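Next comes entry15.cif, with mmCIF, C-alpha atoms (C1' of nucleotides).
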```cif
data_coords
loop_
_atom_site.label_atom_id
_atom_site.label_comp_id
_atom_site.auth_asym_id
_atom_site.auth_seq_id
_atom_site.Cartn_x
_atom_site.Cartn_y
_atom_site.Cartn_z
CA MET A 1 158.87 -93.80 122.56
CA LYS A 2 155.31 -92.85 121.63
CA ILE A 3 154.86 -90.65 118.57
CA ALA A 4 151.41 -89.34 117.68
CA THR A 5 149.72 -87.40 114.90
CA TRP A 6 146.53 -85.43 115.40
CA ASN A 7 144.66 -82.92 113.28
CA ILE A 8 143.16 -80.86 116.10
CA ASN A 9 141.13 -78.46 113.93
CA GLY A 10 142.01 -75.28 115.80
CA VAL A 11 144.42 -75.29 118.75
CA LYS A 12 142.65 -72.55 120.68
CA ALA A 13 139.21 -74.16 120.36
CA ARG A 14 140.73 -77.54 121.25
CA LEU A 15 143.09 -76.57 124.08
CA ASP A 16 141.20 -78.22 126.96
CA THR A 17 140.60 -81.35 124.88
CA ALA A 18 144.25 -81.50 123.86
CA LEU A 19 145.53 -81.09 127.43
CA LYS A 20 143.18 -83.81 128.64
CA TRP A 21 144.33 -86.19 125.92
CA LEU A 22 148.02 -85.48 126.52
CA GLY A 23 147.54 -86.19 130.21
CA GLU A 24 145.98 -89.56 129.46
CA ALA A 25 148.03 -90.75 126.48
CA ASP A 26 151.38 -89.28 127.57
CA PRO A 27 153.01 -89.30 124.11
CA ASP A 28 156.66 -88.28 123.76
CA ILE A 29 156.17 -86.48 120.45
CA VAL A 30 152.95 -85.10 118.95
CA CYS A 31 152.60 -83.87 115.37
CA LEU A 32 149.67 -81.46 115.18
CA GLN A 33 147.89 -80.22 112.07
CA GLU A 34 145.33 -77.50 111.40
CA ILE A 35 146.37 -75.45 114.41
CA LYS A 36 144.71 -72.47 112.66
CA SER A 37 146.94 -70.09 114.58
CA VAL A 38 149.86 -67.80 113.99
CA ASP A 39 153.00 -68.68 115.95
CA GLU A 40 152.57 -65.78 118.37
CA ALA A 41 149.05 -66.85 119.36
CA PHE A 42 149.85 -70.53 119.86
CA PRO A 43 149.15 -71.41 123.52
CA GLY A 44 152.62 -72.82 124.07
CA GLU A 45 152.83 -72.31 127.84
CA ALA A 46 149.94 -74.67 128.46
CA PHE A 47 151.84 -77.45 126.70
CA GLU A 48 155.15 -76.52 128.28
CA ARG A 49 153.54 -76.99 131.69
CA LEU A 50 152.98 -80.62 130.69
CA GLY A 51 156.66 -80.95 129.88
CA TYR A 52 156.65 -80.38 126.13
CA ASN A 53 158.94 -78.31 123.96
CA VAL A 54 156.81 -76.50 121.39
CA THR A 55 157.77 -75.81 117.77
CA THR A 56 155.25 -74.20 115.45
CA HIS A 57 154.82 -73.33 111.80
CA GLY A 58 151.66 -71.29 111.93
CA GLN A 59 149.45 -69.34 109.56
CA LYS A 60 146.60 -66.91 110.06
CA GLY A 61 143.20 -68.53 110.00
CA PHE A 62 143.91 -71.76 108.18
CA ASN A 63 146.36 -74.66 108.08
CA GLY A 64 149.36 -74.51 110.42
CA VAL A 65 151.35 -77.40 111.91
CA ALA A 66 153.26 -77.91 115.14
CA ILE A 67 155.36 -80.47 116.95
CA LEU A 68 155.26 -81.02 120.71
CA SER A 69 158.20 -82.99 122.06
CA LYS A 70 159.37 -83.87 125.55
CA ARG A 71 162.93 -83.72 124.28
CA PRO A 72 164.01 -80.67 122.29
CA LEU A 73 163.25 -80.64 118.58
CA GLU A 74 166.52 -79.95 116.81
CA ASP A 75 167.15 -78.49 113.35
CA PRO A 76 163.53 -77.56 112.58
CA VAL A 77 162.60 -77.33 108.90
CA ARG A 78 159.57 -75.22 107.97
CA GLY A 79 158.00 -75.86 104.60
CA LEU A 80 159.05 -77.94 101.60
CA ASP A 81 161.47 -76.88 98.90
CA GLY A 82 160.35 -76.26 95.35
CA ALA A 83 157.65 -73.57 95.60
CA PRO A 84 159.04 -70.35 97.09
CA ASP A 85 155.76 -68.49 96.55
CA ASP A 86 153.70 -71.05 98.49
CA VAL A 87 152.68 -69.37 101.76
CA GLN A 88 150.57 -72.24 103.13
CA ALA A 89 152.00 -73.65 106.39
CA ARG A 90 151.72 -77.41 105.95
CA TYR A 91 155.10 -78.98 106.79
CA LEU A 92 157.33 -78.99 109.87
CA GLU A 93 160.19 -81.39 110.45
CA GLY A 94 162.84 -81.87 113.10
CA VAL A 95 165.12 -84.32 114.86
CA VAL A 96 164.84 -85.65 118.40
CA SER A 97 167.76 -87.29 120.16
CA THR A 98 167.03 -90.38 122.22
CA ASP A 99 169.15 -92.56 124.45
CA ASP A 100 169.35 -94.88 121.47
CA GLY A 101 170.19 -92.49 118.62
CA VAL A 102 167.92 -90.06 116.81
CA VAL A 103 164.43 -90.08 115.36
CA ARG A 104 163.34 -87.64 112.68
CA VAL A 105 159.70 -86.58 112.62
CA ALA A 106 157.59 -84.53 110.24
CA SER A 107 154.15 -83.02 110.82
CA ILE A 108 152.35 -83.03 107.49
CA TYR A 109 149.10 -81.40 106.41
CA LEU A 110 148.53 -82.32 102.80
CA PRO A 111 146.12 -80.09 100.88
CA ASN A 112 142.54 -81.33 100.75
CA GLY A 113 142.28 -80.74 97.00
CA ASN A 114 138.52 -80.34 96.63
CA PRO A 115 136.76 -79.58 94.38
CA ILE A 116 138.81 -81.59 91.87
CA GLU A 117 137.81 -79.43 88.88
CA THR A 118 139.41 -76.36 90.46
CA GLU A 119 143.04 -75.30 90.92
CA LYS A 120 142.92 -76.88 94.37
CA PHE A 121 143.43 -80.40 93.04
CA PRO A 122 146.56 -79.71 90.97
CA TYR A 123 147.90 -77.78 93.99
CA LYS A 124 147.40 -80.91 96.09
CA LEU A 125 149.24 -83.08 93.58
CA ALA A 126 152.09 -80.61 93.18
CA TRP A 127 152.46 -80.39 96.95
CA ALA A 128 152.50 -84.20 97.11
CA GLU A 129 155.34 -84.25 94.56
CA ARG A 130 157.36 -81.92 96.77
CA LEU A 131 156.75 -84.24 99.72
CA ILE A 132 157.92 -87.23 97.64
CA ALA A 133 161.12 -85.36 96.88
CA ARG A 134 161.71 -84.67 100.58
CA ALA A 135 160.86 -88.29 101.46
CA GLU A 136 163.52 -89.46 98.99
CA GLU A 137 166.11 -87.21 100.61
CA LEU A 138 165.22 -88.47 104.06
CA ARG A 139 165.24 -92.10 103.01
CA ALA A 140 168.85 -91.69 101.87
CA LEU A 141 169.80 -90.75 105.45
CA GLU A 142 168.87 -94.29 106.57
CA GLU A 143 167.56 -93.00 109.91
CA PRO A 144 164.42 -93.80 111.87
CA THR A 145 161.97 -91.32 110.33
CA VAL A 146 158.26 -90.85 110.94
CA LEU A 147 156.25 -88.93 108.32
CA ALA A 148 153.09 -88.24 110.31
CA GLY A 149 150.04 -86.25 109.49
CA ASP A 150 146.75 -85.63 107.79
CA TYR A 151 147.48 -86.83 104.27
CA ASN A 152 143.97 -86.18 102.99
CA VAL A 153 144.30 -89.50 101.16
CA ILE A 154 142.01 -92.52 101.53
CA PRO A 155 144.48 -95.24 100.51
CA ASP A 156 142.01 -98.02 99.68
CA ALA A 157 138.30 -98.84 99.64
CA ILE A 158 138.61 -100.53 103.03
CA ASP A 159 139.61 -97.15 104.45
CA ALA A 160 136.11 -95.70 104.00
CA LYS A 161 132.80 -96.88 105.43
CA LYS A 162 131.13 -95.89 102.14
CA PRO A 163 133.85 -95.82 99.48
CA GLU A 164 131.32 -95.23 96.73
CA VAL A 165 130.55 -91.72 97.96
CA TRP A 166 134.22 -90.72 97.68
CA VAL A 167 134.86 -91.65 94.04
CA ASN A 168 134.62 -88.04 92.87
CA ASP A 169 136.42 -86.63 95.90
CA ALA A 170 140.05 -85.47 95.87
CA LEU A 171 140.83 -87.75 98.83
CA PHE A 172 140.12 -90.89 96.79
CA GLN A 173 141.27 -89.95 93.29
CA PRO A 174 143.66 -92.38 91.54
CA GLU A 175 146.36 -89.68 91.53
CA SER A 176 146.04 -89.20 95.30
CA ARG A 177 146.16 -92.93 95.94
CA ASP A 178 149.12 -93.35 93.56
CA PHE A 179 151.03 -90.72 95.49
CA TYR A 180 150.47 -92.67 98.69
CA ARG A 181 151.61 -95.92 97.05
CA ARG A 182 154.74 -94.22 95.73
CA LEU A 183 155.71 -93.20 99.25
CA GLN A 184 155.40 -96.83 100.27
CA ALA A 185 157.41 -97.90 97.22
CA LEU A 186 160.21 -95.70 98.56
CA GLY A 187 160.28 -97.97 101.61
CA TYR A 188 157.94 -96.13 103.98
CA VAL A 189 155.58 -98.41 105.90
CA ASP A 190 151.95 -97.52 106.67
CA ALA A 191 152.01 -98.16 110.43
CA VAL A 192 148.28 -98.81 110.87
CA ARG A 193 147.94 -101.05 107.82
CA SER A 194 151.07 -103.01 108.75
CA THR A 195 149.37 -104.21 111.92
CA THR A 196 145.72 -104.75 110.95
CA ASP A 197 143.53 -105.64 107.96
CA GLU A 198 140.45 -104.24 109.69
CA PRO A 199 138.71 -100.97 108.77
CA SER A 200 140.34 -98.36 111.02
CA TYR A 201 139.02 -94.84 110.64
CA THR A 202 140.65 -91.64 111.88
CA PHE A 203 138.12 -89.00 110.72
CA TRP A 204 134.38 -88.65 111.06
CA ASP A 205 132.64 -85.62 109.60
CA TYR A 206 130.79 -83.30 111.98
CA GLN A 207 127.77 -83.48 109.68
CA ALA A 208 124.92 -85.94 109.29
CA GLY A 209 125.74 -87.98 112.39
CA ALA A 210 128.84 -89.46 110.80
CA TRP A 211 130.36 -90.42 114.17
CA GLN A 212 127.17 -92.02 115.49
CA ARG A 213 126.90 -94.05 112.26
CA ASN A 214 130.65 -94.83 112.21
CA ASN A 215 130.70 -93.26 108.75
CA GLY A 216 134.44 -92.63 108.84
CA ILE A 217 137.54 -92.59 106.69
CA ARG A 218 141.23 -93.28 107.34
CA ILE A 219 143.27 -90.27 106.22
CA ASP A 220 145.66 -89.64 109.14
CA HIS A 221 148.77 -91.74 108.60
CA LEU A 222 152.17 -92.48 110.11
CA LEU A 223 154.63 -93.60 107.45
CA LEU A 224 157.75 -95.20 108.88
CA SER A 225 161.16 -95.41 107.27
CA PRO A 226 162.58 -98.96 107.28
CA GLN A 227 164.76 -98.05 110.26
CA ALA A 228 161.66 -96.86 112.16
CA ALA A 229 159.49 -99.77 111.02
CA ASP A 230 162.08 -102.19 112.41
CA ARG A 231 161.44 -100.65 115.83
CA LEU A 232 157.62 -100.62 115.63
CA GLU A 233 156.08 -102.10 118.77
CA ASP A 234 152.49 -100.86 118.81
CA VAL A 235 149.91 -98.81 116.88
CA THR A 236 146.84 -97.20 118.47
CA ILE A 237 143.98 -95.11 117.09
CA ASP A 238 142.45 -93.17 119.98
CA ARG A 239 138.96 -93.25 118.49
CA ASP A 240 137.24 -92.58 121.81
CA VAL A 241 138.46 -88.99 121.63
CA ARG A 242 135.94 -88.40 118.82
CA GLY A 243 133.17 -88.92 121.38
CA TRP A 244 134.48 -86.34 123.86
CA GLU A 245 133.01 -82.88 124.31
CA LYS A 246 134.07 -80.37 121.64
CA PRO A 247 136.01 -82.98 119.63
CA SER A 248 138.11 -82.46 116.56
CA ASP A 249 136.73 -84.30 113.55
CA HIS A 250 140.04 -86.26 113.53
CA VAL A 251 141.41 -88.48 116.31
CA PRO A 252 145.01 -89.11 117.41
CA VAL A 253 146.98 -91.99 115.92
CA ILE A 254 149.98 -93.22 117.93
CA VAL A 255 152.93 -95.48 117.24
CA THR A 256 155.23 -96.88 119.89
CA LEU A 257 158.79 -97.34 118.70
CA GLY A 258 161.49 -99.16 120.60
CA LEU A 259 163.73 -96.13 120.74
"C1'" DA B 260 115.61 -83.80 102.28
"C1'" DT B 261 120.75 -80.78 97.12
"C1'" DG B 262 120.48 -80.49 103.44
"C1'" DG B 263 124.05 -80.90 107.40
"C1'" DT B 264 128.54 -78.84 111.33
"C1'" DG B 265 132.50 -76.42 113.07
"C1'" DG B 266 136.51 -72.97 113.28
"C1'" DC B 267 138.26 -68.53 112.31
"C1'" DT B 268 141.88 -61.41 114.09
"C1'" DG B 269 135.75 -64.50 109.73
"C1'" DT B 270 131.28 -61.27 108.14
"C1'" DG B 271 132.67 -65.85 103.45
"C1'" DC B 272 135.92 -69.45 103.18
"C1'" DC B 273 137.85 -73.71 104.29
"C1'" DA B 274 137.29 -78.42 105.55
#
```

Mind turning this structure into structure tokens?
Amino acid sequence: MKIATWNINGVKARLDTALKWLGEADPDIVCLQEIKSVDEAFPGEAFERLGYNVTTHGQKGFNGVAILSKRPLEDPVRGLDGAPDDVQARYLEGVVSTDDGVVRVASIYLPNGNPIETEKFPYKLAWAERLIARAEELRALEEPTVLAGDYNVIPDAIDAKKPEVWVNDALFQPESRDFYRRLQALGYVDAVRSTTDEPSYTFWDYQAGAWQRNNGIRIDHLLLSPQAADRLEDVTIDRDVRGWEKPSDHVPVIVTLGL
DNA sequence: ATGGTGGCTGTGCCA
């Protein structure tokens, strides 16, 4: 079973690109972030024609997450507990039944948090705490679980072409990196980093020729519960997609699990 | 060189 995460930066602007990629990569489950669409405007039929069930948690203009799944997504959970006044659509979770049991997946869009001297950074950290709480609950289930998404966290210096330019950025603050380490301390495995020590970027800014210079960062992550990590067979970053016409600034990251 | 690019029920904000 192939499970992917992809920040598509606008589902309507990216529809042709997304359909092309789905046709080539043929993932079973896709966690999308930054759909930038309300649920009613999400182009679900186009994905259903490719055989996907579509579950969305949208928002007008910004944010928004979705999960495409060849098998139905059961028991969808929209949003994280702990902040009833938070209207930002950044979390969608559900369960998919396989021939070999179940796999639980979450599509996560962590707040960017910049600039760090504004209220945006404490919002990021508070949101991260709520995700930690949910990750603890899910770990106790002892199921194969994949926490996939745009974490807006650069875990280590190796995860940036120029780490020195990120030292004052929310993505590389000690608090952001500590949050990411705490998830791993709970038992979640960073799929990409568990299979390679090489720099492996997932995002290249639209500006200043970042793609052409390979000036990238690794911020899109798949964190695997121990029961999922035991089944990990392959990890792929589809970096070529960044060079397509009308690309997102992020590329898909895919894990293959023996499920 | 204090810039640059892209998406959105926008006309500034977010990344």

Would you kindly translate the PyMOL selection byres ((chain B) within 9 of (chain A)) into the concrete residues it picks from this file, as a list in words? DG263, DT264, DG265, DG266, DC267, DT268, DG269, DC273 and DA274 of chain B

If the PyMOL selection byres ((chain A and resi 223) around 9) were run on this exact file, what residues would it hold? Put them as a count of residues only. 17

Around the point (148.3, -90.2, 94.2), in the coordinates given by the file, pick out the residues reaching within 12 Å, counting all atoms listed in the file, and return them as an MDAnalysis selection string. chainID A and resid 110 113 121:122 124:129 131:132 151:156 170:184

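Taking atom CA of Asp220 of chain A and atom CA of Glu245 of chain A as the two end points, the separation is 20.9 Å.
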
Identify all residues satisfying the PyMOL selection byres ((chain A and resi 71) around 7) in the given file; provide them as a count of residues only. 6

Find, counting all atoms listed in the file, the residue in A:Ile8, A:Leu50, A:Tyr91, A:Arg104 that gets nearest to Gln227 of chain A. A:Arg104

Nearest residue to Gln33 of chain A out of A:Arg78, A:Arg90, A:Arg14, A:Arg218, using all atoms listed in the file? A:Arg90

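Of note, atom CA of Asp86 of chain A and atom CA of Leu186 of chain A are spaced 25.5 Å apart.
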
Please tell me which residues are no farther than 12 Å from (153.2, -78.8, 128.6) in the file, counting all atoms listed in the file, and write them as number ranges by chain. A: 15, 18-23, 26-30, 43-54, 67-71

Interatomic distance (Å, one decimal) between atom CA of Pro144 of chain A and atom CA of Thr236 of chain A: 19.1 Å

List the neighbours of Arg231 of chain A out to 9 Å using only C-alpha atoms (C1' of nucleotides); skip same-chain residues closer than 6 positions along the sequence, and give me the result as JSON, numbers by chain. {"A": [144, 256, 257, 258, 259]}

Only C-alpha atoms needed: put segment 64-100 of chain A from the block into a file as a compact mmCIF listing (two decimals), in the first residue's frame.
```
# COMPACT_ATOMS: atom_id res chain seq x y z
CA GLY A 64 -7.51 23.16 4.12
CA VAL A 65 -6.61 19.47 4.07
CA ALA A 66 -8.02 16.42 2.31
CA ILE A 67 -7.51 12.68 2.02
CA LEU A 68 -7.94 10.73 -1.21
CA SER A 69 -8.26 6.99 -0.72
CA LYS A 70 -9.04 4.11 -3.04
CA ARG A 71 -10.74 2.37 -0.15
CA PRO A 72 -13.29 4.32 1.87
CA LEU A 73 -12.00 6.53 4.67
CA GLU A 74 -13.86 5.53 7.80
CA ASP A 75 -14.52 7.52 10.97
CA PRO A 76 -13.15 10.85 9.72
CA VAL A 77 -11.93 13.28 12.39
CA ARG A 78 -11.78 16.98 11.47
CA GLY A 79 -9.59 19.18 13.61
CA LEU A 80 -7.73 18.62 16.87
CA ASP A 81 -9.21 18.82 20.34
CA GLY A 82 -8.23 21.54 22.77
CA ALA A 83 -9.03 24.82 20.98
CA PRO A 84 -12.75 25.09 20.17
CA ASP A 85 -12.36 28.63 18.82
CA ASP A 86 -9.67 27.65 16.30
CA VAL A 87 -11.29 27.84 12.85
CA GLN A 88 -8.19 26.97 10.81
CA ALA A 89 -8.62 23.71 8.85
CA ARG A 90 -5.32 21.90 9.36
CA TYR A 91 -6.06 18.33 10.49
CA LEU A 92 -8.01 15.43 8.98
CA GLU A 93 -7.74 11.83 10.13
CA GLY A 94 -9.42 8.56 9.25
CA VAL A 95 -9.10 4.80 9.08
CA VAL A 96 -8.74 2.62 6.00
CA SER A 97 -9.42 -1.11 6.11
CA THR A 98 -7.04 -3.35 4.20
CA ASP A 99 -6.96 -7.06 3.53
CA ASP A 100 -4.45 -7.20 6.36
```
